[in-house]
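Input: a single structure, listed below in structure tokens.
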Amino acid sequence: MASQVMDLAGRILFEDNHLLIVHKQPSEIVQGDKTGDVPLVDVAKAYIKERYDKPGDVFLGVVHRIDRPVSGAVIFARTSKALSRMNALLREKQLQKSYLAVVKAKPRQMAGKLVHHLKKNEKQNKSYPVPAGTAGAREAALLYRLVSSSDRYHLLEVELLTGRHHQIRAQLAAMGCPIKGDVKYGDDRPNRDASIHLHARSVVFIHPVRKEEVKVVAPFPQGDALWNHFSVIGGI
């Protein structure tokens, strides 16, 4: 855990008495699951305990999660009051989350809005578009725009309007543009490190206590040639 805490200390994007925003790596899980791997929230708790010499258990609430193969900004709340207020921002759609995705198929339109009704298959841990009115389905909406293209790939910016299970992955696949490396949603081959090329690039919101705008931008995973390529040609 000590090495994980040290590594995490170099990936803090924002920190104060109320919030902690961390740059998650593609291999990490935000909360514990059946794998038994140490989740990011536990490493972050250990970081806070060590940094501030906190006695006893450390409170750290998970404001939102991103999938294991996805990289980018993840928000934690350091107090129950901050967690409650951040959850309210999410419910009221006042927390803006922007993602970047690399796809092989160029979308037919340069920009647009996608609206589907998604239903989660628990056994497969996968969401499917289904007809409106299907039992258990929830409406999912996002905005996308084409940022830039290379010879083989295309970079999309995605803004979530709702927060559904695997939403971006399922909706882009339904549009005919599965994310690079995402074999679960139709890409033809996995990435070597089991990541997918989906990155939680930025979060923007009004601080729950200070009432000032907070904007955090997460850098791309280090050593990824494709992300580095788009960062140069796309000016992102």
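Ordering of the structure tokens sets the chain letters (A, B, ...); residue numbers start at 1 within each chain; ligands are numbered from 1 in the order shown.
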
Next on the checklist: Can you tell me which residues surround Leu83 of chain A at a distance of at most 12 Å, considering only C-alpha atoms, apart from same-chain residues fewer than 6 positions away, and format the answer as JSON, numbers by chain?
Outcome noted: {"A": [18, 19, 20, 59, 60, 61, 62, 63, 64, 75, 76, 77, 89, 90, 207, 208, 209]}

Checklist entry - Counting only C-alpha atoms, what is within 6 Å of segment 164-179 of chain A, bar same-chain residues fewer than 3 positions away, as JSON, numbers by chain? => result {"A": [102, 103, 105, 182, 186, 187]}

Those same residues, written as a tab-separated table (two decimals), in the first residue's frame with N, CA and C atoms?
chain	number	residue	atom	x	y	z
A	102	VAL	N	-11.46	7.59	-28.41
A	102	VAL	CA	-10.86	7.29	-29.71
A	102	VAL	C	-11.63	6.15	-30.35
A	103	VAL	N	-12.09	6.37	-31.58
A	103	VAL	CA	-12.85	5.35	-32.30
A	103	VAL	C	-12.24	5.14	-33.68
A	105	ALA	N	-14.21	4.08	-36.45
A	105	ALA	CA	-15.19	4.47	-37.46
A	105	ALA	C	-15.54	5.94	-37.29
A	182	ASP	N	-12.35	-1.65	-26.86
A	182	ASP	CA	-13.52	-2.06	-26.10
A	182	ASP	C	-14.22	-3.23	-26.80
A	186	GLY	N	-17.92	-4.20	-29.10
A	186	GLY	CA	-17.84	-4.32	-30.54
A	186	GLY	C	-16.53	-4.02	-31.23
A	187	ASP	N	-15.50	-3.54	-30.50
A	187	ASP	CA	-14.23	-3.35	-31.19
A	187	ASP	C	-13.62	-4.72	-31.50

Next on the checklist: Give me, as JSON, numbers by chain, all polymer residues having an atom no more than 10 Å from segment 21-34 of chain A, counting only C-alpha atoms and skipping those fewer than 4 positions away in the same chain.
Outcome noted: {"A": [8, 9, 10, 11, 12, 13, 14, 15, 16, 38, 39, 40, 41, 42, 43, 44, 62, 63, 64, 65, 66, 67, 68, 69, 70, 71, 72, 73, 74, 75, 76, 77, 193, 194, 195, 196, 197, 198, 199, 200, 201, 203, 216, 217, 218, 219, 220, 221, 222]}

Item to check | Close residues, Ala135 of chain A itself excluded, 9 Å, only C-alpha atoms, min 3 positions apart in chain, as a PyMOL selection string | outcome: chain A and resi 119+132+138

Okay, now the selection with N, CA and C atoms, as a PDB file, in the first residue's frame?
ATOM      1  N   LYS A 119     -30.681  -0.777 -21.038  1.00  0.00           N
ATOM      2  CA  LYS A 119     -31.011  -1.744 -19.997  1.00  0.00           C
ATOM      3  C   LYS A 119     -29.780  -2.564 -19.668  1.00  0.00           C
ATOM      4  N   ALA A 132     -38.027   2.153 -26.049  1.00  0.00           N
ATOM      5  CA  ALA A 132     -38.558   2.945 -24.942  1.00  0.00           C
ATOM      6  C   ALA A 132     -39.733   2.212 -24.321  1.00  0.00           C
ATOM      7  N   ARG A 138     -33.533   2.706 -18.857  1.00  0.00           N
ATOM      8  CA  ARG A 138     -33.419   4.108 -18.438  1.00  0.00           C
ATOM      9  C   ARG A 138     -32.914   4.940 -19.614  1.00  0.00           C
TER      10      ARG A 138
END

Next on the checklist: According to DSSP computed on the backbone, where in segment 83-148 of chain A is there strand (DSSP E)? Give the residues as a PyMOL selection string.
Outcome noted: chain A and resi 96-103+111-121+126-130+138-148

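Residue nearest Tyr99 of chain A, chosen from A:Lys180, A:Lys49, A:Lys211, A:Arg145 and counting only C-alpha atoms: A:Arg145.
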
Item to check | Between atom CA of Tyr144 of chain A and atom CA of Ile233 of chain A, distance in Å (one decimal) | outcome: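 Interatomic distance, atom CA of Tyr144 of chain A to atom CA of Ile233 of chain A: 18.7 Å.
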
Item to check | A:Ala2, A:Leu100, A:Val58, A:Leu226 ranked by distance to Asp151 of chain A, top pick (using only C-alpha atoms) | outcome: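 Distance minimum relative to Asp151 of chain A lands on A:Leu226.
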